[in-house]
>>> print(open('work_8.tsv').read())   # TSV, C-alpha atoms
chain	number	residue	atom	x	y	z
A	40	MET	CA	155.95	1.57	-3.54
A	41	SER	CA	156.22	2.71	-7.18
A	42	THR	CA	156.56	6.26	-8.23
A	43	PRO	CA	154.32	7.87	-10.88
A	44	MET	CA	155.72	8.08	-14.42
A	45	SER	CA	156.53	11.41	-15.88
A	46	GLY	CA	154.48	12.94	-18.72
A	47	PRO	CA	156.77	11.96	-21.63
A	48	ARG	CA	157.16	8.35	-20.45
A	49	LEU	CA	153.35	8.02	-20.00
A	50	SER	CA	152.66	9.36	-23.48
A	51	ALA	CA	155.03	6.88	-24.95
A	52	CYS	CA	153.25	3.93	-23.29
A	53	LEU	CA	149.67	4.94	-24.14
A	54	PRO	CA	149.47	3.18	-27.53
A	55	LEU	CA	150.67	-0.08	-26.01
A	56	LEU	CA	148.19	0.19	-23.12
A	57	LEU	CA	145.26	0.85	-25.47
A	58	THR	CA	146.15	-2.16	-27.63
A	59	LEU	CA	146.27	-4.47	-24.59
A	60	LEU	CA	142.92	-3.14	-23.32
A	61	LEU	CA	141.08	-3.67	-26.64
A	62	THR	CA	142.49	-7.19	-26.94
A	63	ALA	CA	141.24	-8.07	-23.47
A	64	CYS	CA	137.72	-6.75	-24.22
A	65	ALA	CA	137.47	-8.67	-27.46
A	66	SER	CA	138.43	-11.98	-25.83
A	67	ALA	CA	136.07	-11.60	-22.83
A	68	PRO	CA	132.90	-13.93	-22.94
A	69	GLN	CA	129.59	-12.23	-23.82
A	70	SER	CA	126.27	-12.74	-22.04
A	71	PRO	CA	123.50	-14.54	-23.95
A	72	ALA	CA	121.49	-11.32	-24.17
A	73	ALA	CA	124.36	-9.58	-25.91
A	74	GLN	CA	124.43	-12.26	-28.62
A	75	VAL	CA	120.84	-11.57	-29.74
A	76	PRO	CA	120.58	-9.51	-32.94
A	77	ARG	CA	118.30	-6.52	-32.59
A	78	GLY	CA	114.75	-7.04	-33.79
A	79	THR	CA	114.85	-10.85	-33.57
A	80	GLU	CA	114.88	-11.22	-29.82
A	81	THR	CA	111.36	-12.72	-29.61
A	82	VAL	CA	112.36	-15.70	-31.73
A	83	HIS	CA	115.91	-16.37	-30.44
A	84	ALA	CA	116.02	-19.91	-29.11
A	85	ASN	CA	118.50	-19.28	-26.29
A	86	VAL	CA	116.94	-16.19	-24.71
A	87	PRO	CA	114.06	-16.16	-22.21
A	88	LEU	CA	111.05	-14.23	-23.55
A	89	LEU	CA	111.35	-11.47	-20.97
A	90	ALA	CA	115.14	-11.00	-21.27
A	91	PRO	CA	115.13	-8.95	-24.50
A	92	ALA	CA	112.61	-6.49	-23.09
A	93	VAL	CA	115.03	-5.83	-20.22
A	94	ALA	CA	118.20	-5.87	-22.30
A	95	TYR	CA	116.93	-3.39	-24.91
A	96	ALA	CA	114.68	-1.19	-22.79
A	97	ALA	CA	117.10	1.70	-23.08
A	98	GLU	CA	117.18	1.45	-26.88
A	99	ALA	CA	113.44	1.07	-27.43
A	100	GLU	CA	112.88	4.74	-28.12
A	101	THR	CA	115.45	5.01	-30.90
A	102	ALA	CA	115.70	1.53	-32.45
A	103	PRO	CA	113.43	1.12	-35.52
A	104	PRO	CA	110.88	-1.74	-35.32
A	105	ALA	CA	112.14	-4.89	-36.96
A	106	PRO	CA	110.04	-6.46	-39.72
A	107	PRO	CA	108.08	-9.50	-38.54
A	108	THR	CA	109.66	-12.86	-39.12
A	109	PRO	CA	107.52	-15.78	-40.31
A	110	THR	CA	107.27	-17.15	-36.79
A	111	GLU	CA	105.88	-13.84	-35.55
A	112	LEU	CA	102.99	-13.65	-38.04
A	113	PRO	CA	99.52	-14.57	-36.72
A	114	PRO	CA	98.35	-18.06	-37.65
A	115	PRO	CA	96.04	-18.28	-40.69
A	116	PRO	CA	92.30	-18.44	-39.94
A	117	LEU	CA	90.88	-21.91	-39.53
A	118	ILE	CA	88.75	-23.05	-42.48
A	119	PRO	CA	85.89	-25.31	-41.33
A	120	ASP	CA	86.18	-28.82	-42.61
A	121	PRO	CA	83.02	-29.47	-44.68
A	122	ALA	CA	83.07	-33.07	-43.49
A	123	ALA	CA	83.28	-32.12	-39.81
A	124	THR	CA	80.28	-32.95	-37.70
A	125	PRO	CA	78.70	-30.45	-35.29
A	126	THR	CA	79.47	-30.64	-31.60
A	127	PRO	CA	76.70	-32.44	-29.69
A	128	ARG	CA	74.73	-30.31	-27.26
A	129	PRO	CA	75.53	-30.77	-23.56
A	130	VAL	CA	73.70	-33.59	-21.81
A	131	GLY	CA	70.48	-32.33	-20.25
A	132	THR	CA	69.95	-29.52	-22.75
A	133	ALA	CA	66.26	-29.18	-23.66
A	134	PRO	CA	65.56	-29.95	-27.33
A	135	ARG	CA	65.02	-26.79	-29.34
A	136	VAL	CA	62.28	-26.69	-31.97
A	137	GLY	CA	61.52	-23.86	-34.36
A	138	LEU	CA	57.95	-23.60	-35.65
A	139	GLN	CA	57.79	-21.27	-38.62
A	140	VAL	CA	54.41	-19.67	-39.25
A	141	GLY	CA	54.18	-19.70	-43.03
A	142	HIS	CA	53.69	-16.25	-44.65
A	143	LEU	CA	53.53	-14.42	-41.32
A	144	HIS	CA	54.91	-10.89	-41.88
A	145	SER	CA	56.18	-11.91	-45.31
A	146	ASN	CA	56.17	-8.23	-46.27
A	147	GLU	CA	59.13	-7.84	-43.87
A	148	LEU	CA	61.38	-10.39	-45.59
A	149	PRO	CA	64.95	-9.13	-46.13
A	150	ASP	CA	66.15	-7.63	-49.40
A	151	GLU	CA	67.67	-10.91	-50.59
A	152	MET	CA	64.11	-12.31	-50.63
A	153	ALA	CA	62.31	-9.19	-51.83
A	154	GLN	CA	60.56	-11.16	-54.58
A	155	LEU	CA	58.69	-13.15	-51.90
A	156	ARG	CA	57.32	-10.15	-49.97
A	157	THR	CA	54.03	-10.24	-51.86
A	158	SER	CA	53.51	-13.97	-51.33
A	159	ALA	CA	50.41	-14.02	-49.12
A	160	GLY	CA	49.58	-17.72	-49.42
A	161	ALA	CA	46.12	-19.27	-49.54
A	162	HIS	CA	42.93	-17.90	-48.02
A	163	TRP	CA	39.29	-18.77	-47.43
A	164	GLY	CA	36.74	-16.01	-46.95
A	165	ASN	CA	38.27	-13.54	-44.51
A	166	VAL	CA	40.78	-16.07	-43.14
A	167	SER	CA	44.33	-15.74	-44.43
A	168	GLU	CA	46.77	-18.62	-44.49
A	169	ALA	CA	49.12	-16.77	-42.11
A	170	SER	CA	46.37	-16.36	-39.50
A	171	LEU	CA	45.40	-20.04	-39.71
A	172	ASN	CA	49.05	-21.15	-39.51
A	173	LEU	CA	49.59	-18.91	-36.48
A	174	ASP	CA	46.52	-20.30	-34.70
A	175	ILE	CA	47.76	-23.87	-35.18
A	176	ALA	CA	51.34	-22.99	-34.16
A	177	ASN	CA	50.07	-21.39	-30.93
A	178	ARG	CA	48.34	-24.68	-30.11
A	179	VAL	CA	51.37	-26.86	-30.92
A	180	LYS	CA	53.73	-24.80	-28.78
A	181	PRO	CA	52.26	-25.62	-25.31
A	182	LEU	CA	51.93	-29.30	-26.24
A	183	LEU	CA	55.67	-29.49	-26.90
A	184	GLU	CA	56.61	-27.35	-23.92
A	185	ALA	CA	54.68	-29.72	-21.66
A	186	GLN	CA	57.14	-32.40	-22.85
A	187	GLY	CA	60.18	-30.32	-21.89
A	188	VAL	CA	60.86	-28.90	-25.36
A	189	SER	CA	62.03	-25.33	-25.91
A	190	VAL	CA	59.86	-23.87	-28.69
A	191	GLU	CA	60.29	-20.73	-30.78
A	192	LEU	CA	57.60	-19.36	-33.08
A	193	LEU	CA	59.22	-17.80	-36.14
A	194	PRO	CA	57.71	-15.52	-38.81
A	195	ALA	CA	58.47	-15.78	-42.50
A	196	THR	CA	61.94	-14.33	-41.88
A	197	VAL	CA	64.24	-16.94	-40.37
A	198	PRO	CA	67.28	-15.76	-38.37
A	199	PRO	CA	70.52	-16.27	-40.33
A	200	GLY	CA	71.94	-19.74	-39.75
A	201	TYR	CA	69.05	-20.73	-37.50
A	202	ASP	CA	70.15	-23.69	-35.38
A	203	ALA	CA	67.65	-26.06	-33.78
A	204	ASP	CA	67.05	-29.75	-33.15
A	205	ALA	CA	64.07	-29.56	-35.52
A	206	PHE	CA	62.62	-26.91	-37.81
A	207	VAL	CA	59.03	-27.31	-38.99
A	208	ALA	CA	57.52	-24.83	-41.45
A	209	LEU	CA	53.72	-24.79	-41.11
A	210	HIS	CA	51.65	-24.01	-44.20
A	211	SER	CA	48.10	-24.49	-45.46
A	212	ASP	CA	47.39	-25.23	-49.09
A	213	GLY	CA	44.99	-23.83	-51.65
A	214	SER	CA	43.85	-24.66	-55.17
A	215	ASN	CA	41.65	-23.12	-57.80
A	216	GLY	CA	39.21	-26.00	-57.65
A	217	GLY	CA	37.72	-27.53	-54.55
A	218	SER	CA	38.61	-31.16	-55.24
A	219	ALA	CA	42.25	-31.14	-54.08
A	220	HIS	CA	42.60	-32.06	-50.42
A	221	GLY	CA	44.91	-33.76	-47.95
A	222	TRP	CA	48.27	-33.11	-46.31
A	223	LYS	CA	51.80	-33.46	-47.60
A	224	LEU	CA	55.36	-33.12	-46.34
A	225	ALA	CA	58.74	-32.38	-47.88
A	226	THR	CA	62.36	-32.26	-46.80
A	227	PRO	CA	65.01	-30.04	-48.42
A	228	TRP	CA	66.39	-31.21	-51.76
A	229	ARG	CA	69.46	-32.76	-50.18
A	230	ALA	CA	68.09	-34.03	-46.91
A	231	SER	CA	70.24	-35.18	-44.01
A	232	GLU	CA	69.42	-38.48	-42.35
A	233	ALA	CA	67.96	-36.47	-39.46
A	234	SER	CA	65.62	-34.57	-41.82
A	235	LYS	CA	64.50	-37.90	-43.29
A	236	GLN	CA	63.81	-39.21	-39.78
A	237	LEU	CA	61.79	-36.08	-38.95
A	238	PHE	CA	59.86	-36.55	-42.20
A	239	GLY	CA	59.15	-40.21	-41.40
A	240	ALA	CA	58.04	-39.47	-37.84
A	241	MET	CA	55.60	-36.77	-38.98
A	242	ALA	CA	54.30	-38.89	-41.86
A	243	GLY	CA	53.65	-41.71	-39.41
A	244	THR	CA	51.52	-39.65	-37.03
A	245	TYR	CA	49.83	-36.67	-38.69
A	246	GLY	CA	47.47	-38.57	-40.95
A	247	GLY	CA	46.54	-41.03	-38.23
A	248	VAL	CA	45.70	-38.35	-35.67
A	249	THR	CA	43.79	-36.06	-38.04
A	250	GLY	CA	42.18	-38.74	-40.19
A	251	MET	CA	43.07	-36.69	-43.27
A	252	PRO	CA	44.44	-38.41	-46.39
A	253	GLU	CA	47.87	-37.74	-47.83
A	254	ASP	CA	47.99	-35.69	-51.00
A	255	VAL	CA	50.07	-38.31	-52.80
A	256	GLY	CA	52.14	-36.83	-55.58
A	257	GLY	CA	51.37	-33.29	-54.51
A	258	VAL	CA	54.88	-32.31	-53.37
A	259	THR	CA	56.18	-29.51	-55.58
A	260	PHE	CA	59.61	-28.14	-56.46
A	261	ASN	CA	58.70	-25.09	-54.37
A	262	MET	CA	58.32	-27.24	-51.26
A	263	LYS	CA	61.67	-29.01	-51.56
A	264	GLY	CA	63.36	-25.76	-52.59
A	265	TYR	CA	61.70	-23.79	-49.78
A	266	TYR	CA	63.63	-20.57	-49.22
A	267	ALA	CA	64.13	-21.18	-45.47
A	268	PHE	CA	65.98	-24.42	-46.34
A	269	ASN	CA	68.26	-22.77	-48.90
A	270	PHE	CA	71.41	-21.98	-46.91
A	271	ARG	CA	73.41	-22.21	-50.15
A	272	ARG	CA	71.61	-19.18	-51.59
A	273	TYR	CA	70.33	-17.11	-48.68
A	274	ASP	CA	71.79	-15.76	-45.45
A	275	TYR	CA	68.35	-15.81	-43.79
A	276	ALA	CA	67.98	-19.58	-43.76
A	277	ILE	CA	68.43	-22.47	-41.37
A	278	ALA	CA	71.87	-23.88	-40.61
A	279	ARG	CA	72.87	-26.79	-42.83
A	280	THR	CA	72.80	-29.07	-39.75
A	281	THR	CA	69.23	-28.23	-38.69
A	282	PRO	CA	66.79	-31.09	-39.45
A	283	ALA	CA	63.87	-29.60	-41.36
A	284	ILE	CA	60.55	-30.30	-43.04
A	285	ILE	CA	57.73	-28.24	-44.49
A	286	VAL	CA	54.16	-29.34	-43.74
A	287	GLU	CA	51.14	-28.47	-45.86
A	288	MET	CA	48.55	-29.22	-43.16
A	289	GLY	CA	45.60	-29.38	-45.57
A	290	PHE	CA	43.72	-27.35	-48.18
A	291	MET	CA	41.89	-24.24	-47.07
A	292	THR	CA	39.94	-24.51	-50.32
A	293	SER	CA	38.64	-28.00	-49.47
A	294	ALA	CA	35.43	-28.32	-47.43
A	295	VAL	CA	36.65	-31.68	-46.15
A	296	ASP	CA	39.98	-30.28	-44.96
A	297	ARG	CA	38.39	-27.12	-43.51
A	298	ALA	CA	36.26	-29.30	-41.26
A	299	MET	CA	39.51	-30.32	-39.58
A	300	LEU	CA	41.65	-27.17	-39.93
A	301	PHE	CA	38.91	-24.71	-38.90
A	302	ASN	CA	36.71	-26.80	-36.62
A	303	GLN	CA	39.21	-29.13	-34.93
A	304	PRO	CA	42.47	-27.15	-34.76
A	305	ASP	CA	43.49	-28.84	-31.48
A	306	ARG	CA	43.46	-32.20	-33.24
A	307	VAL	CA	45.65	-30.78	-36.03
A	308	ALA	CA	48.04	-29.40	-33.42
A	309	ARG	CA	48.20	-32.77	-31.66
A	310	GLY	CA	49.07	-34.52	-34.92
A	311	LEU	CA	51.96	-32.11	-35.45
A	312	ALA	CA	53.20	-32.27	-31.86
A	313	GLU	CA	53.13	-36.06	-31.80
A	314	GLY	CA	55.13	-36.20	-35.01
A	315	ILE	CA	57.79	-33.88	-33.63
A	316	MET	CA	57.95	-35.76	-30.32
A	317	ALA	CA	58.24	-39.09	-32.14
A	318	TYR	CA	61.32	-37.76	-33.92
A	319	LEU	CA	62.90	-36.29	-30.78
A	320	ARG	CA	62.48	-39.59	-28.93
A	321	GLN	CA	64.05	-41.73	-31.64
A	322	ARG	CA	66.98	-39.53	-32.66
A	323	ASP	CA	70.49	-39.92	-31.27
A	324	PRO	CA	71.56	-36.46	-30.03
A	325	ALA	CA	75.23	-37.53	-30.11
A	326	ASN	CA	75.11	-38.52	-33.80
A	327	GLY	CA	76.38	-35.38	-35.46
A	328	ALA	CA	76.93	-37.14	-38.78
A	329	ALA	CA	73.16	-37.63	-39.16
A	330	LEU	CA	72.74	-33.84	-39.27
A	331	LEU	CA	74.96	-33.31	-42.32
A	332	PRO	CA	73.23	-33.07	-45.70
A	333	PRO	CA	74.85	-35.22	-48.39
A	334	GLU	CA	77.06	-33.74	-51.08
A	335	TYR	CA	76.91	-35.14	-54.61
A	336	PRO	CA	78.64	-34.10	-57.82
A	337	ALA	CA	76.69	-32.66	-60.71
A	338	LEU	CA	75.76	-35.39	-63.17
A	339	GLN	CA	74.98	-35.77	-66.83
A	340	ALA	CA	73.50	-38.66	-68.76
A	341	ALA	CA	76.11	-41.04	-70.12
A	342	THR	CA	76.49	-42.05	-73.75
A	343	GLY	CA	73.26	-43.71	-74.72
A	344	GLY	CA	71.17	-41.52	-72.40
A	345	ALA	CA	69.42	-42.39	-69.15
A	346	THR	CA	66.05	-43.70	-68.05
A	347	VAL	CA	64.25	-41.79	-65.30
A	348	ARG	CA	62.07	-44.05	-63.16
A	349	ALA	CA	59.49	-43.45	-60.44
A	350	ALA	CA	61.38	-45.58	-57.88
A	351	PRO	CA	64.94	-46.90	-57.41
A	352	ARG	CA	64.40	-50.26	-59.08
A	353	ASP	CA	64.65	-51.61	-62.59
A	354	ASN	CA	60.95	-52.48	-62.92
A	355	ALA	CA	59.63	-49.11	-61.70
A	356	ARG	CA	57.46	-47.00	-63.98
A	357	VAL	CA	59.41	-44.99	-66.57
A	358	LEU	CA	58.90	-41.24	-66.18
A	359	ALA	CA	61.18	-40.07	-68.98
A	360	ARG	CA	64.15	-40.93	-71.14
A	361	VAL	CA	66.82	-38.27	-71.52
A	362	SER	CA	69.51	-38.02	-74.17
A	363	ALA	CA	73.27	-38.10	-73.60
A	364	ASP	CA	74.74	-35.06	-71.86
A	365	ALA	CA	71.41	-34.05	-70.26
A	366	ARG	CA	72.14	-32.36	-66.91
A	367	LEU	CA	70.87	-34.00	-63.73
A	368	MET	CA	70.89	-32.61	-60.18
A	369	PRO	CA	71.21	-35.50	-57.65
A	370	PHE	CA	69.90	-35.20	-54.12
A	371	ASP	CA	69.65	-38.78	-52.86
A	372	LYS	CA	71.11	-42.21	-53.53
A	373	GLN	CA	69.63	-45.66	-52.90
A	374	ASN	CA	70.19	-49.17	-54.24
A	375	GLY	CA	72.58	-48.05	-56.97
A	376	TYR	CA	70.21	-45.27	-58.12
A	377	TYR	CA	70.45	-41.49	-57.87
A	378	GLN	CA	67.30	-39.50	-57.20
A	379	VAL	CA	67.63	-36.51	-59.49
A	380	PHE	CA	65.96	-33.35	-60.68
A	381	VAL	CA	65.92	-33.38	-64.48
A	382	HIS	CA	65.52	-30.29	-66.64
A	383	SER	CA	65.96	-31.01	-70.32
A	384	GLY	CA	64.14	-29.00	-72.97
A	385	LYS	CA	60.51	-28.77	-71.85
A	386	LEU	CA	60.96	-31.64	-69.39
A	387	SER	CA	61.19	-30.91	-65.66
A	388	THR	CA	60.74	-33.87	-63.36
A	389	VAL	CA	62.11	-35.73	-60.37
A	390	GLY	CA	62.92	-39.41	-60.56
A	391	TRP	CA	65.57	-42.11	-60.22
A	392	VAL	CA	68.36	-42.97	-62.65
A	393	ARG	CA	70.75	-45.88	-62.46
A	394	GLU	CA	74.27	-45.04	-61.35
A	395	ASP	CA	75.80	-46.67	-64.43
A	396	GLN	CA	73.75	-44.40	-66.73
A	397	VAL	CA	75.30	-41.15	-65.51
A	398	VAL	CA	78.76	-39.60	-65.30
A	399	ASN	CA	80.19	-36.86	-63.10
A	400	THR	CA	80.76	-33.35	-64.41
A	401	SER	CA	82.82	-30.48	-63.07
A	402	GLU	CA	79.81	-28.15	-63.16
A	403	GLN	CA	78.09	-26.70	-60.13
A	404	SER	CA	74.83	-28.37	-59.12
A	405	THR	CA	71.87	-26.14	-59.98
A	406	PHE	CA	68.91	-26.46	-57.66
A	407	PRO	CA	65.43	-25.50	-58.93
A	408	THR	CA	64.57	-21.93	-57.94
A	409	PRO	CA	61.13	-21.59	-56.37
A	410	ALA	CA	58.80	-19.26	-58.21
A	411	SER	CA	56.92	-18.45	-55.01
A	412	GLN	CA	56.53	-19.68	-51.44
>>> encode(input="work_8.tsv", output="C-alpha cells")
Amino acid sequence: MSTPMSGPRLSACLPLLLTLLLTACASAPQSPAAQVPRGTETVHANVPLLAPAVAYAAEAETAPPAPPTPTELPPPPLIPDPAATPTPRPVGTAPRVGLQVGHLHSNELPDEMAQLRTSAGAHWGNVSEASLNLDIANRVKPLLEAQGVSVELLPATVPPGYDADAFVALHSDGSNGGSAHGWKLATPWRASEASKQLFGAMAGTYGGVTGMPEDVGGVTFNMKGYYAFNFRRYDYAIARTTPAIIVEMGFMTSAVDRAMLFNQPDRVARGLAEGIMAYLRQRDPANGAALLPPEYPALQAATGGATVRAAPRDNARVLARVSADARLMPFDKQNGYYQVFVHSGKLSTVGWVREDQVVNTSEQSTFPTPASQ
C-alpha cells in the first residue's frame, strides 16, 4: 500500500502530470459527431440527419445560425416546357364542353377588356343577340348532357385559363343590309389540330341539319382574333390547350336566317350539338400533342418579294404581291406554304405564301387586334 505524497513533492510533479494528461486527450479517437463543423451538420456525409440535432442541442441557444450552403437552398421553381403536352384526363371522365353565350353580360367584362364592355352585338326588333344566343345555348345544353357530356354555360367573361375538351362561342350575325345571310365558323389564328377537328366536325353537320348556306368568305379578323381565344394577351381567356371555335349561327338581319333562328331554334341547337358530338367521338383523348397550338417564327418577304395566294398551291388565285421585307404573321403551314396575315401599307389580307419566298426574323409575331367582338 502506497503512502500519500507530501505537499512539496506533489507540487513538483503537477506540471509533468498535466502534460501527460493533455497528451492522452489529444491522441484519443473522436466520435463522428465531434468531427462535424458547427453549422454544416445537415450536409455532412458521415453523420446521420438526426445526430447533429442531438449533439448540438445544448449549444442551440447560443450558437449563431450558419449561412445556408448551396445544398441547403430550395430548388429553383420548375419552368413549364412549352413543348410539353398536357396530361390526359383519367379514363371515364365525362367530356367537358364550354358554351359561351356571346355578348351575355358584356358590361361585366374585366378591366383588361374594358373596351369591349359596350359591344352589344346584333339585334332585330326587341330581340338582342345575347338573348337569342342564350336561348339557343339553353337548348344545346340538354342535348349534350343526354350524351353524357358535362356542359357549362359561360357569359362574355371567360374564367382565366378556362380548360375544357371543347369551347364553342355562340354568336349571331348582323349587317346593315338584308342580303347577307348564312353561317360561318372560325378557329383561333394559330389553331391546334384539335381545334381544326372541332371546326371540321361542326362544318360537316351544322349546314346539313339547319339547311342554311355557309357565308363563304365571311370570316373576319375579329373572329379569328376573338378575345376569348387570346391567351397571349388576356388573362380571362381559354387555356392554350382548349380546342375552340366561334360560330356565327346566322344573320339576325336576314329574313331567311330568322326563319330558322327564331322559328326553329331546336333545329339550330341540334345542328350545334351534333357537330360537337361528332368531334368528341372522333378525337383521341390520349393525344395531348393535338391540343397544342403551333408556334411559328415571325416572317418577312425575301428579296424579290412574295406572292400571296388564295390557297396553298402555285396555280391558286393571286391575292396580292408584297415587296421585300414586308412583315407576315404565319398561323398555319401546308404543302410548303405558310398561311399568313399580311399588313403592308393599306393592304391587310390573309393568304398563302410559298416557304421559299419568306425568311425568318427575330421580331415578335403581331396578331391582328380585334376592333370589336
>>> residues_around(input="work_8.tsv", residues="Gly141 in chain A", least_positions_apart="6", cutoff="10 Å", atoms="all atoms listed in the file", output="PyMOL selection string")
chain A and resi 159-160+168-173+176+193-196+207-211+285-287+412
>>> residues_around(input="work_8.tsv", residues="Pro227 in chain A", least_positions_apart="2", cutoff="6 Å", atoms="all atoms listed in the file", output="MDAnalysis selection string")
chainID A and resid 229:230 263
>>> closest_residue(input="work_8.tsv", among="A:Asn354, A:Thr280, A:Gln339, A:Thr388", to="Ser231 in chain A", atoms="all atoms listed in the file")
A:Thr280
>>> atom_distance(input="work_8.tsv", atom1="CA of Gln396 in chain A", atom2="CA of Ala340 in chain A")
6.1 Å
>>> residues_around(input="work_8.tsv", residues="Val307 in chain A", least_positions_apart="3", cutoff="8 Å", atoms="only C-alpha atoms", output="JSON, numbers by chain")
{"A": [175, 245, 248, 249, 288, 299, 300, 303, 304, 310, 311]}
>>> write_last_selection(input="work_8.tsv", atoms="C-alpha atoms", output="tab-separated table (two decimals), in the frame of the given file")
chain	number	residue	atom	x	y	z
A	175	ILE	CA	47.76	-23.87	-35.18
A	245	TYR	CA	49.83	-36.67	-38.69
A	248	VAL	CA	45.70	-38.35	-35.67
A	249	THR	CA	43.79	-36.06	-38.04
A	288	MET	CA	48.55	-29.22	-43.16
A	299	MET	CA	39.51	-30.32	-39.58
A	300	LEU	CA	41.65	-27.17	-39.93
A	303	GLN	CA	39.21	-29.13	-34.93
A	304	PRO	CA	42.47	-27.15	-34.76
A	310	GLY	CA	49.07	-34.52	-34.92
A	311	LEU	CA	51.96	-32.11	-35.45
>>> residues_around(input="work_8.tsv", residues="range 318-332 of chain A", least_positions_apart="6", cutoff="8 Å", atoms="only C-alpha atoms", output="ChimeraX atom specification")
/A:124-128,134,229-234,236-237,240-241,279-282
>>> closest_residue(input="work_8.tsv", among="A:Val197, A:Val140, A:Val357, A:Val381", to="Ala276 in chain A", atoms="all atoms listed in the file")
A:Val197
>>> residues_around(input="work_8.tsv", residues="Glu184 in chain A", least_positions_apart="5", cutoff="12 Å", atoms="all atoms listed in the file", output="ChimeraX atom specification")
/A:133-136,177-179,189-191,312,315-316
>>> axis_aligned_box(input="work_8.tsv", around="range 152-170 of chain A", padding_each_side="6 Å", output="lines of an AutoDock Vina configuration file")
center_x = 50.4
center_y = -14.2
center_z = -47.0
size_x = 39.4
size_y = 22.1
size_z = 27.1
>>> closest_residue(input="work_8.tsv", among="A:Ile277, A:Ala225, A:Met152, A:Val258", to="Asp202 in chain A", atoms="only C-alpha atoms")
A:Ile277
